[in-house]
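What's in final-v8.cif: mmCIF, C-alpha atoms and all ligand atoms
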data_model
#
loop_
_atom_site.label_atom_id
_atom_site.label_comp_id
_atom_site.auth_asym_id
_atom_site.auth_seq_id
_atom_site.Cartn_x
_atom_site.Cartn_y
_atom_site.Cartn_z
CA MET A 25 159.53 106.56 113.34
CA GLN A 26 161.10 103.14 112.88
CA LYS A 27 157.99 101.22 111.98
CA THR A 28 159.81 98.26 110.49
CA THR A 29 162.27 97.65 113.32
CA SER A 30 159.92 98.15 116.28
CA LYS A 31 159.00 95.21 118.47
CA ILE A 32 155.69 96.93 119.01
CA ASP A 33 153.24 96.60 116.14
CA LEU A 34 152.97 100.33 115.51
CA GLU A 35 150.69 99.73 112.56
CA PHE A 36 148.24 97.96 114.86
CA ASP A 37 148.60 100.78 117.37
CA GLN A 38 147.69 103.36 114.73
CA GLN A 39 144.80 101.33 113.37
CA HIS A 40 143.21 100.04 116.56
CA VAL A 41 144.46 101.75 119.70
CA TRP A 42 142.89 105.04 120.74
CA HIS A 43 145.30 107.49 122.41
CA PRO A 44 144.17 110.60 124.32
CA TYR A 45 142.27 113.04 122.11
CA THR A 46 143.20 111.34 118.83
CA SER A 47 141.53 110.54 115.56
CA THR A 48 141.08 107.08 114.07
CA ILE A 49 140.96 108.61 110.61
CA ASN A 50 144.11 110.64 110.87
CA PRO A 51 146.18 109.19 113.75
CA LEU A 52 149.50 110.86 114.49
CA PRO A 53 152.48 108.58 115.10
CA CYS A 54 153.30 107.61 118.68
CA TYR A 55 156.81 107.10 120.02
CA PRO A 56 157.43 103.64 121.52
CA VAL A 57 158.97 103.93 124.99
CA GLU A 58 160.85 100.93 126.34
CA SER A 59 161.67 102.10 129.85
CA ALA A 60 162.02 105.16 132.01
CA ASN A 61 164.48 106.07 134.73
CA GLY A 62 164.97 109.28 136.71
CA VAL A 63 164.10 112.12 134.33
CA TYR A 64 164.74 110.04 131.21
CA LEU A 65 162.40 108.17 128.89
CA THR A 66 164.23 105.57 126.81
CA LEU A 67 162.73 105.01 123.38
CA GLU A 68 162.77 101.59 121.81
CA ASP A 69 165.50 102.68 119.39
CA GLY A 70 167.74 103.54 122.32
CA ARG A 71 167.35 107.32 122.27
CA LYS A 72 167.00 108.92 125.70
CA LEU A 73 164.68 111.86 126.16
CA ILE A 74 164.67 114.29 129.07
CA ASP A 75 161.11 114.28 130.32
CA GLY A 76 159.58 117.76 130.56
CA MET A 77 156.05 116.57 131.31
CA SER A 78 156.29 114.31 134.40
CA SER A 79 153.75 112.20 132.52
CA TRP A 80 151.16 114.95 132.94
CA TRP A 81 152.14 116.39 136.33
CA SER A 82 152.47 113.07 138.10
CA THR A 83 156.05 111.71 138.12
CA ILE A 84 157.41 114.22 140.64
CA HIS A 85 160.28 112.07 142.00
CA GLY A 86 161.28 110.65 138.61
CA TYR A 87 160.71 107.24 137.05
CA ASN A 88 161.75 103.88 138.43
CA HIS A 89 162.30 105.28 141.91
CA PRO A 90 163.81 102.69 144.30
CA ALA A 91 161.56 103.56 147.27
CA LEU A 92 158.39 103.56 145.17
CA ASN A 93 159.40 100.31 143.44
CA GLN A 94 160.04 98.71 146.82
CA ALA A 95 156.68 99.85 148.21
CA ALA A 96 154.87 98.30 145.23
CA LYS A 97 156.85 95.06 145.47
CA ASP A 98 156.30 94.71 149.21
CA GLN A 99 152.59 95.37 148.89
CA ILE A 100 152.00 93.06 145.91
CA ASP A 101 153.15 90.07 147.95
CA LYS A 102 150.63 90.92 150.68
CA MET A 103 147.62 91.80 148.54
CA SER A 104 147.09 93.83 145.41
CA HIS A 105 143.49 94.57 146.09
CA VAL A 106 140.67 93.92 148.46
CA MET A 107 137.24 95.53 148.57
CA PHE A 108 136.90 98.62 150.76
CA GLY A 109 133.30 98.09 151.84
CA GLY A 110 133.38 96.75 155.40
CA ILE A 111 137.15 96.12 155.14
CA THR A 112 140.08 98.37 155.88
CA HIS A 113 143.87 98.08 155.60
CA GLU A 114 147.05 99.82 156.63
CA PRO A 115 148.05 101.34 153.26
CA ALA A 116 144.75 103.25 153.02
CA VAL A 117 144.65 104.31 156.67
CA GLU A 118 148.26 105.54 156.54
CA LEU A 119 147.70 107.40 153.29
CA CYS A 120 144.63 109.17 154.67
CA ARG A 121 146.52 110.03 157.87
CA LYS A 122 149.27 111.65 155.79
CA LEU A 123 146.81 113.49 153.55
CA ILE A 124 145.04 114.97 156.57
CA ALA A 125 148.40 115.97 158.04
CA ILE A 126 149.66 117.85 154.97
CA THR A 127 146.43 119.47 153.71
CA PRO A 128 144.86 122.55 155.36
CA GLU A 129 143.78 121.77 158.92
CA PRO A 130 139.96 121.90 158.52
CA LEU A 131 140.02 119.03 155.98
CA GLN A 132 139.45 115.95 158.12
CA HIS A 133 137.67 113.32 156.01
CA VAL A 134 139.13 111.53 152.99
CA PHE A 135 137.28 109.77 150.20
CA LEU A 136 139.64 107.70 148.02
CA ALA A 137 138.81 107.30 144.33
CA ASP A 138 140.31 106.07 141.09
CA SER A 139 141.19 109.10 139.01
CA GLY A 140 141.14 112.86 139.05
CA SER A 141 137.88 113.10 137.14
CA VAL A 142 136.20 110.79 139.64
CA ALA A 143 137.56 112.85 142.56
CA VAL A 144 135.87 115.87 140.95
CA GLU A 145 132.60 113.95 140.45
CA VAL A 146 132.78 113.00 144.12
CA SER A 147 133.36 116.62 145.20
CA LEU A 148 130.34 117.82 143.21
CA LYS A 149 128.15 115.04 144.61
CA MET A 150 129.27 115.94 148.14
CA ALA A 151 128.26 119.57 147.58
CA LEU A 152 124.85 118.54 146.20
CA GLN A 153 124.19 116.12 149.05
CA TYR A 154 125.29 118.78 151.56
CA TRP A 155 122.56 121.19 150.46
CA HIS A 156 119.99 118.45 150.07
CA ALA A 157 120.61 117.49 153.68
CA LYS A 158 120.05 121.12 154.66
CA GLY A 159 116.71 121.05 152.86
CA GLN A 160 117.80 123.41 150.09
CA ARG A 161 117.63 122.91 146.34
CA ARG A 162 120.93 124.11 144.94
CA PRO A 163 121.61 122.40 141.60
CA LYS A 164 124.21 124.80 140.12
CA PHE A 165 127.96 125.32 140.30
CA LEU A 166 129.92 128.48 139.65
CA THR A 167 133.38 128.29 138.14
CA VAL A 168 135.67 130.40 135.96
CA ARG A 169 136.58 130.30 132.29
CA HIS A 170 139.72 128.48 131.10
CA GLY A 171 139.36 125.82 133.77
CA TYR A 172 139.86 122.08 133.43
CA HIS A 173 138.39 119.52 135.81
CA GLY A 174 138.38 116.26 133.87
CA ASP A 175 136.68 114.37 131.07
CA THR A 176 133.69 112.71 132.75
CA PHE A 177 130.36 114.51 132.36
CA ALA A 178 130.03 116.40 135.62
CA ALA A 179 133.73 117.33 135.56
CA MET A 180 133.39 118.40 131.93
CA SER A 181 130.34 120.52 132.76
CA VAL A 182 132.54 122.80 134.91
CA THR A 183 135.45 122.75 132.43
CA ASP A 184 135.80 125.67 129.97
CA PRO A 185 132.79 125.38 127.62
CA ASP A 186 134.76 126.25 124.47
CA ASN A 187 137.86 124.16 125.14
CA SER A 188 135.87 121.07 126.05
CA MET A 189 133.34 121.66 123.27
CA HIS A 190 130.18 121.66 125.35
CA SER A 191 128.29 122.17 122.09
CA LEU A 192 128.83 118.48 121.26
CA TYR A 193 126.88 117.35 124.31
CA LYS A 194 124.17 119.97 124.42
CA GLY A 195 120.94 118.72 125.95
CA PHE A 196 122.74 116.14 128.05
CA LEU A 197 125.48 118.13 129.76
CA PRO A 198 124.35 120.12 132.79
CA GLU A 199 124.73 123.87 132.32
CA HIS A 200 126.62 125.75 135.01
CA ILE A 201 127.76 129.33 135.49
CA PHE A 202 131.09 130.65 134.22
CA ALA A 203 132.71 133.86 135.44
CA GLU A 204 135.64 135.60 133.77
CA SER A 205 138.95 134.20 135.00
CA SER A 206 141.58 136.47 136.51
CA GLU A 207 143.53 138.56 134.01
CA ARG A 208 146.20 139.37 136.58
CA GLY A 209 149.30 137.16 136.54
CA PHE A 210 150.83 135.79 139.71
CA TYR A 211 153.57 138.42 139.90
CA GLU A 212 151.50 141.36 138.63
CA GLU A 213 149.86 143.99 140.76
CA TRP A 214 146.41 142.95 141.95
CA CYS A 215 143.49 144.90 140.58
CA GLU A 216 140.17 144.69 142.41
CA SER A 217 138.13 144.94 139.19
CA ASP A 218 139.37 141.44 138.25
CA ILE A 219 136.93 139.87 140.67
CA ALA A 220 133.93 142.01 139.63
CA ASP A 221 132.40 139.53 137.17
CA PHE A 222 132.81 136.64 139.58
CA LYS A 223 131.27 138.67 142.38
CA GLU A 224 128.28 139.60 140.25
CA LYS A 225 127.67 136.01 139.07
CA LEU A 226 127.93 134.72 142.63
CA ASN A 227 125.57 137.38 143.90
CA ASN A 228 123.00 136.84 141.15
CA ASN A 229 122.92 133.06 141.54
CA LYS A 230 123.69 132.42 145.19
CA GLU A 231 120.32 130.85 146.05
CA GLN A 232 120.90 128.04 143.57
CA LEU A 233 124.66 127.59 143.95
CA ALA A 234 125.89 124.43 145.66
CA ALA A 235 129.55 125.37 145.35
CA VAL A 236 132.26 127.22 143.54
CA ILE A 237 134.85 124.92 141.96
CA ILE A 238 138.24 126.26 140.92
CA GLU A 239 141.83 125.25 140.25
CA PRO A 240 143.83 127.25 142.80
CA ILE A 241 146.49 129.63 141.33
CA VAL A 242 147.28 127.58 138.20
CA GLN A 243 144.68 126.71 135.59
CA GLY A 244 146.18 123.66 133.91
CA ALA A 245 144.89 121.95 130.78
CA GLY A 246 142.37 124.76 130.15
CA GLY A 247 145.08 127.30 129.30
CA MET A 248 148.12 127.08 131.60
CA ARG A 249 147.24 130.38 133.25
CA ILE A 250 148.94 131.41 136.49
CA TYR A 251 146.83 133.92 138.33
CA HIS A 252 147.02 136.30 141.26
CA PRO A 253 146.53 134.82 144.76
CA MET A 254 144.18 137.71 145.66
CA TYR A 255 141.69 136.35 143.15
CA LEU A 256 141.51 133.11 145.10
CA LYS A 257 141.46 134.94 148.44
CA ARG A 258 138.50 137.03 147.28
CA ILE A 259 136.67 133.90 146.12
CA ARG A 260 137.05 132.36 149.56
CA GLU A 261 135.74 135.56 151.19
CA LEU A 262 132.77 135.75 148.81
CA CYS A 263 131.90 132.08 149.36
CA ASP A 264 131.91 132.67 153.13
CA GLU A 265 129.87 135.83 152.81
CA HIS A 266 127.17 134.19 150.68
CA ASP A 267 127.27 130.74 152.26
CA VAL A 268 128.43 128.82 149.19
CA LEU A 269 130.88 125.90 149.46
CA LEU A 270 134.35 126.17 147.91
CA ILE A 271 135.89 123.19 146.10
CA ALA A 272 139.62 123.47 145.33
CA ASP A 273 140.73 121.19 142.49
CA GLU A 274 144.40 120.63 143.42
CA ILE A 275 144.76 117.64 141.09
CA ALA A 276 147.44 119.34 138.97
CA THR A 277 148.81 121.79 141.53
CA GLY A 278 149.01 119.57 144.61
CA PHE A 279 152.13 118.00 146.16
CA GLY A 280 154.63 120.79 145.69
CA ARG A 281 154.30 121.61 141.99
CA THR A 282 153.69 125.36 142.50
CA GLY A 283 156.31 125.80 145.22
CA LYS A 284 153.85 125.20 148.06
CA MET A 285 152.62 121.77 149.11
CA PHE A 286 149.16 122.91 147.92
CA ALA A 287 148.48 125.95 145.77
CA CYS A 288 145.76 127.19 148.17
CA GLU A 289 148.62 128.11 150.52
CA HIS A 290 149.70 130.92 148.15
CA ALA A 291 146.44 132.66 149.09
CA GLY A 292 146.40 131.44 152.69
CA ILE A 293 142.98 129.89 152.23
CA SER A 294 141.39 126.57 153.01
CA PRO A 295 138.59 125.08 150.88
CA ASP A 296 135.58 123.14 152.16
CA ILE A 297 136.34 120.30 149.76
CA MET A 298 139.64 119.53 148.04
CA CYS A 299 140.47 117.14 145.18
CA VAL A 300 143.93 115.62 144.73
CA GLY A 301 145.20 113.11 142.20
CA LYS A 302 147.93 113.08 139.54
CA ALA A 303 151.13 113.18 141.69
CA LEU A 304 149.49 111.38 144.63
CA THR A 305 151.33 108.13 143.85
CA GLY A 306 154.40 109.82 142.37
CA GLY A 307 153.09 108.90 138.93
CA TYR A 308 152.96 105.15 139.50
CA MET A 309 149.30 104.23 139.73
CA THR A 310 145.95 105.85 139.24
CA LEU A 311 144.60 107.11 142.55
CA SER A 312 142.85 110.24 143.74
CA ALA A 313 141.22 111.59 146.86
CA THR A 314 138.54 114.09 147.82
CA LEU A 315 138.91 115.66 151.24
CA ALA A 316 136.16 117.43 153.14
CA THR A 317 135.81 119.36 156.38
CA LYS A 318 134.10 117.67 159.30
CA HIS A 319 131.17 120.06 158.89
CA VAL A 320 130.67 119.15 155.21
CA ALA A 321 131.11 115.42 155.79
CA ASP A 322 128.78 115.27 158.78
CA THR A 323 126.13 117.38 157.07
CA VAL A 324 126.26 115.13 153.97
CA CYS A 325 125.72 112.09 156.18
CA SER A 326 122.89 113.67 158.18
CA GLY A 327 120.68 113.78 155.10
CA GLU A 328 118.08 111.44 153.66
CA ALA A 329 120.62 108.87 152.41
CA ALA A 330 122.39 108.85 155.82
CA CYS A 331 125.68 108.28 154.00
CA PHE A 332 127.70 109.61 151.11
CA MET A 333 126.36 107.90 147.99
CA HIS A 334 129.53 106.72 146.27
CA GLY A 335 131.78 103.64 146.39
CA PRO A 336 133.94 102.61 143.44
CA THR A 337 134.98 98.97 143.04
CA PHE A 338 138.67 99.76 143.33
CA MET A 339 138.28 102.29 146.13
CA GLY A 340 141.35 102.46 148.37
CA ASN A 341 143.33 100.04 146.20
CA PRO A 342 146.12 98.85 148.56
CA LEU A 343 148.79 98.74 145.88
CA ALA A 344 148.13 102.33 144.84
CA CYS A 345 147.87 103.45 148.48
CA ALA A 346 151.19 101.77 149.36
CA VAL A 347 152.97 103.60 146.54
CA GLY A 348 151.17 106.82 147.52
CA ASN A 349 152.50 106.43 151.06
CA ALA A 350 156.05 106.03 149.77
CA SER A 351 155.67 109.10 147.56
CA LEU A 352 154.28 111.23 150.39
CA GLU A 353 157.10 110.06 152.67
CA ILE A 354 159.62 111.41 150.17
CA LEU A 355 157.70 114.69 150.03
CA MET A 356 157.49 114.93 153.81
CA GLN A 357 161.30 114.77 154.01
CA GLY A 358 161.12 118.21 152.44
CA ASN A 359 163.81 118.21 149.71
CA TRP A 360 161.14 119.09 147.15
CA GLN A 361 161.07 122.67 148.44
CA GLN A 362 164.65 123.40 147.43
CA GLN A 363 164.25 121.41 144.20
CA VAL A 364 161.14 123.31 143.11
CA LEU A 365 162.61 126.66 144.17
CA SER A 366 165.75 126.02 142.05
CA ILE A 367 163.60 125.05 139.07
CA GLU A 368 161.56 128.22 139.51
CA GLN A 369 164.67 130.41 139.72
CA GLN A 370 166.15 128.82 136.64
CA LEU A 371 162.90 129.17 134.67
CA SER A 372 162.81 132.86 135.60
CA GLU A 373 166.26 133.21 134.02
CA LEU A 374 165.71 131.04 130.93
CA LEU A 375 162.15 131.77 129.83
CA PRO A 376 162.42 135.55 129.20
CA GLU A 377 164.80 134.88 126.28
CA ILE A 378 162.15 132.67 124.68
CA GLY A 379 159.66 135.48 125.37
CA GLN A 380 161.67 137.71 122.98
CA LEU A 381 160.81 135.59 119.93
CA ASP A 382 158.29 137.08 117.48
CA CYS A 383 156.02 134.02 117.57
CA VAL A 384 155.75 134.12 121.37
CA LYS A 385 152.88 135.99 122.99
CA ALA A 386 153.87 135.44 126.62
CA VAL A 387 156.01 133.36 128.94
CA ARG A 388 155.15 132.58 132.57
CA TRP A 389 156.34 130.38 135.38
CA LEU A 390 155.63 129.34 138.94
CA GLY A 391 157.32 126.63 140.97
CA ALA A 392 158.22 123.76 138.65
CA ILE A 393 155.91 124.96 135.86
CA GLY A 394 157.10 126.88 132.79
CA VAL A 395 154.76 128.06 130.03
CA VAL A 396 155.35 129.51 126.57
CA GLU A 397 152.20 130.85 124.92
CA LEU A 398 152.36 131.34 121.15
CA TYR A 399 150.26 133.48 118.82
CA GLU A 400 149.44 130.50 116.58
CA PRO A 401 148.75 126.83 117.34
CA VAL A 402 151.73 124.51 116.81
CA ASN A 403 151.94 121.86 114.13
CA MET A 404 151.82 118.94 116.51
CA ALA A 405 153.50 116.20 114.43
CA GLU A 406 156.27 118.54 113.30
CA ILE A 407 157.06 120.08 116.66
CA GLN A 408 156.89 116.74 118.46
CA LYS A 409 159.47 115.29 116.07
CA SER A 410 161.73 118.26 116.47
CA PHE A 411 161.62 117.97 120.28
CA VAL A 412 162.37 114.24 120.12
CA ASP A 413 165.27 114.93 117.74
CA ALA A 414 166.54 117.45 120.31
CA GLY A 415 166.44 114.73 123.00
CA VAL A 416 163.53 116.04 125.02
CA TRP A 417 159.94 114.98 125.67
CA ILE A 418 157.67 118.01 125.57
CA ARG A 419 154.08 117.71 124.43
CA PRO A 420 152.45 121.03 123.53
CA PHE A 421 148.76 121.60 122.98
CA GLY A 422 147.27 124.31 120.79
CA LYS A 423 149.19 127.53 121.32
CA LEU A 424 150.88 126.30 124.48
CA ILE A 425 154.30 124.78 124.99
CA TYR A 426 154.78 124.01 128.64
CA ILE A 427 157.03 122.04 130.93
CA MET A 428 156.55 120.63 134.41
CA PRO A 429 159.55 118.34 134.87
CA PRO A 430 160.17 115.87 137.70
CA PHE A 431 161.45 117.78 140.76
CA ILE A 432 164.77 115.87 140.58
CA ILE A 433 165.78 117.42 137.24
CA THR A 434 169.29 118.94 137.27
CA PRO A 435 170.02 122.49 136.08
CA GLN A 436 171.78 121.11 132.96
CA GLU A 437 168.82 118.90 132.09
CA LEU A 438 166.38 121.75 132.64
CA SER A 439 168.32 124.03 130.32
CA CYS A 440 168.25 121.26 127.68
CA LEU A 441 164.45 121.59 127.80
CA THR A 442 164.41 125.38 127.40
CA VAL A 443 167.15 125.33 124.75
CA ALA A 444 165.10 122.78 122.79
CA ILE A 445 162.07 125.08 122.96
CA LEU A 446 164.14 128.09 121.91
CA ARG A 447 165.79 126.32 118.94
CA THR A 448 162.60 124.66 117.79
CA LEU A 449 160.67 127.94 117.82
CA LYS A 450 163.52 129.72 116.00
CA THR A 451 163.41 127.22 113.14
CA GLN A 452 159.62 127.09 112.85
C1 LIG A 501 144.10 116.12 135.13
C2 LIG A 501 143.12 116.90 135.90
C3 LIG A 501 141.86 116.35 136.23
C4 LIG A 501 141.41 115.00 135.76
O1 LIG A 501 142.21 113.96 136.25
P1 LIG A 501 142.21 112.54 135.51
O2 LIG A 501 143.05 111.69 136.38
O3 LIG A 501 142.79 112.77 134.14
O4 LIG A 501 140.79 112.08 135.44
C5 LIG A 501 141.00 117.13 136.99
N1 LIG A 501 141.35 118.36 137.40
C6 LIG A 501 142.55 118.91 137.11
C7 LIG A 501 142.89 120.27 137.61
C8 LIG A 501 143.47 118.20 136.33
O5 LIG A 501 144.64 118.76 136.01
#
For the structure just supplied, provide its representation as structure tokens.
Amino acid sequence: MQKTTSKIDLEFDQQHVWHPYTSTINPLPCYPVESANGVYLTLEDGRKLIDGMSSWWSTIHGYNHPALNQAAKDQIDKMSHVMFGGITHEPAVELCRKLIAITPEPLQHVFLADSGSVAVEVSLKMALQYWHAKGQRRPKFLTVRHGYHGDTFAAMSVTDPDNSMHSLYKGFLPEHIFAESSERGFYEEWCESDIADFKEKLNNNKEQLAAVIIEPIVQGAGGMRIYHPMYLKRIRELCDEHDVLLIADEIATGFGRTGKMFACEHAGISPDIMCVGKALTGGYMTLSATLATKHVADTVCSGEAACFMHGPTFMGNPLACAVGNASLEILMQGNWQQQVLSIEQQLSELLPEIGQLDCVKAVRWLGAIGVVELYEPVNMAEIQKSFVDAGVWIRPFGKLIYIMPPFIITPQELSCLTVAILRTLKTQ
């Protein structure tokens, strides 16, 4: 770290600025980024890093994209924001039209929100209002272990209880029901016993369950697990059988990341409610959406409140919607399919070598996602420095080193990422 030469007051940053999940007592150094272009982050000292993270799943087309830049510039001269209550505008209407076109057919109503966590809050509130309107008291949700749904309270309450340290908030945090997650990997042979615990929990609690909430196919921040599509297919069947709503949290998996436009497609299922976020604006602005079927939406609005009880100040922000439209237009041209397929093929060739290392417990991949699971947690400061020295930006957590690069990454750049992981682990 070049504390003395940086234009940014890194001392101030360390002393006063909170970064995600960091300590004020023992802050780790942060790397000052000056600009970003394509798959590269340029540090203030001039070093260029190949980005393996897509800024947490979001920058799918790469940084500083001409079409996305243009969309933002065009929109900012018209209006950056206007309230959404009683007012509508083209960027929002067009974005919702596209979302309805590319998501599973039964999803027909779109609620725009600010962030992924809020989209999840909205989905849970929809499910609760749905049952209230039907005159039933159903205050519980069923989910699976190792999930992640966000950092706000309701989202956290359905996130893995150990990972998100539910113990810290006991007494305040609502308590929901957790089933064992699938042990069967995406490419493994399906085993019916995997769903047994889920089935039992659903059966035992169905009278009080508003919905099941799950990340389809890939569990992200809760463990980077890639599970068998039959698990999801069975969940859909069980929800239908017992009349429980299904919420698919596609915030990480949506918009092509897993090789399908939405991960639900791997199982050929359609949820009653779906959350999207992260890559929705190609990584430019914070924006999310919760989609619902006509049946869910109309039932919600037939209840006591006669409307859905939510409406954030920055709902449908035109600037974010305009960039989202530009990002979805790029996706709808379809090149992402070949890009993600090539990334997947290359990961399937490169990751097994890393899997041979003694410190590595498992490697897995799907679409543009590659995961290396270690036996022991990494030393964050050390490993981060070694990745930066190798010219790549990879940010592990705990025992997991994972990459989900922008779809535009070239084969050479992608192998720089895996070589950096291989070399770093060899020298650890
Ligand atoms: C990141 C994420 C969220 C939360 O989104 P934020 O924008 O960080 O609030 C929710 N669900 C899943 C599956 C995510 O990956």
Dump the neighbourhood of ligand LIG 501 (chain A) as a PyMOL selection string: all residues within 8 Å, distances computed on only C-alpha atoms and all ligand atoms. chain A and resi 80-81+138-144+171-176+179+239+243-245+273-277+299+301-302+310-312
Which residue gives the smallest distance to Ala287 of chain A among A:Pro51, A:Pro90, A:Gly110, A:Pro240, with all atoms listed in the file counted?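 Counting all atoms listed in the file, the residue closest to Ala287 of chain A is A:Pro240.
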Using only C-alpha atoms, which residues sit within 8 Å of Pro115 of chain A once same-chain residues fewer than 2 positions away are excluded, as an mmCIF file with C-alpha atoms, keeping the file's coordinate frame?
data_model
loop_
_atom_site.group_PDB
_atom_site.id
_atom_site.type_symbol
_atom_site.label_atom_id
_atom_site.label_comp_id
_atom_site.auth_asym_id
_atom_site.auth_seq_id
_atom_site.Cartn_x
_atom_site.Cartn_y
_atom_site.Cartn_z
ATOM 1 C CA HIS A 113 143.870 98.080 155.600
ATOM 2 C CA VAL A 117 144.650 104.310 156.670
ATOM 3 C CA GLU A 118 148.260 105.540 156.540
ATOM 4 C CA LEU A 119 147.700 107.400 153.290
ATOM 5 C CA PRO A 342 146.120 98.850 148.560
ATOM 6 C CA LEU A 343 148.790 98.740 145.880
ATOM 7 C CA CYS A 345 147.870 103.450 148.480
ATOM 8 C CA ALA A 346 151.190 101.770 149.360
ATOM 9 C CA ASN A 349 152.500 106.430 151.060
#
Between atom CA of Pro253 of chain A and atom CA of Glu213 of chain A, what is the distance, to one decimal in Å? 10.5 Å
Do a neighbour search on Val402 of chain A at 10 Å with only C-alpha atoms, toss out local chain neighbours closer than 2 positions, and write the hits as a PDB file with C-alpha atoms, in the coordinates of the input.
ATOM      1  CA  LEU A 398     152.360 131.340 121.150  1.00  0.00           C
ATOM      2  CA  TYR A 399     150.260 133.480 118.820  1.00  0.00           C
ATOM      3  CA  GLU A 400     149.440 130.500 116.580  1.00  0.00           C
ATOM      4  CA  MET A 404     151.820 118.940 116.510  1.00  0.00           C
ATOM      5  CA  ALA A 405     153.500 116.200 114.430  1.00  0.00           C
ATOM      6  CA  GLU A 406     156.270 118.540 113.300  1.00  0.00           C
ATOM      7  CA  ILE A 407     157.060 120.080 116.660  1.00  0.00           C
ATOM      8  CA  GLN A 408     156.890 116.740 118.460  1.00  0.00           C
ATOM      9  CA  PRO A 420     152.450 121.030 123.530  1.00  0.00           C
ATOM     10  CA  PHE A 421     148.760 121.600 122.980  1.00  0.00           C
ATOM     11  CA  GLY A 422     147.270 124.310 120.790  1.00  0.00           C
ATOM     12  CA  LYS A 423     149.190 127.530 121.320  1.00  0.00           C
ATOM     13  CA  LEU A 424     150.880 126.300 124.480  1.00  0.00           C
ATOM     14  CA  ILE A 425     154.300 124.780 124.990  1.00  0.00           C
ATOM     15  CA  LEU A 449     160.670 127.940 117.820  1.00  0.00           C
ATOM     16  CA  GLN A 452     159.620 127.090 112.850  1.00  0.00           C
TER      17      GLN A 452
END
If I take atom CA of Ala272 of chain A and atom CA of Gln153 of chain A, how far is one from the other in Å, to one decimal?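 It comes out at 17.5 Å.
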Taking all atoms listed in the file into account, which of A:Arg71, A:Leu375, A:His334, A:Cys288 comes nearest Leu148 of chain A? A:His334
Surrounding residues of segment 130-135 of chain A excluding itself and chain neighbours under 5 positions, 7 Å, only C-alpha atoms, as an MDAnalysis selection string: chainID A and resid 120 124 313:318 321
Listing only residues of segment 324-382 of chain A within 12 Å of segment 125-129 of chain A, what is the closest atom pair and its distance in Å (to one decimal) for each, using all atoms listed in the file, sorted by chain and residue number ascending, as JSON lines?
{"residue": "A:Leu352", "atom": "CA", "partner": "A:Ile126", "partner_atom": "CA", "distance": 9.3}
{"residue": "A:Glu353", "atom": "CA", "partner": "A:Ile126", "partner_atom": "CA", "distance": 11.0}
{"residue": "A:Leu355", "atom": "CA", "partner": "A:Ile126", "partner_atom": "CA", "distance": 10.0}
{"residue": "A:Met356", "atom": "CA", "partner": "A:Ile126", "partner_atom": "CA", "distance": 8.4}
{"residue": "A:Gly358", "atom": "CA", "partner": "A:Ile126", "partner_atom": "CA", "distance": 11.7}
Atomic separation - atom CA of Ile74 of chain A relative to atom CA of Leu374 of chain A, Å: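 Spanning atom CA of Leu374 of chain A to atom CA of Ile74 of chain A is a straight-line distance of 16.9 Å.
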From the list A:Val364, A:Ile100, A:Ile84, A:Ile49, which residue is nearest Pro430 of chain A when using all atoms listed in the file?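 Once distances to Pro430 of chain A are computed over all atoms listed in the file, the minimum belongs to A:Ile84.
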Could you check the closest approach to Ile393 of chain A for each of A:Gly415, A:Gly195, A:Gly76, A:Gly62 and tell me which residue wins, using all atoms listed in the file?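 Nearest to Ile393 of chain A: A:Gly76.
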Which of these residues is nearest to Ser104 of chain A, using all atoms listed in the file: A:Ile293, A:Met77, A:Leu152, A:Ala344?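 Selected residue with least distance to Ser104 of chain A: A:Ala344.
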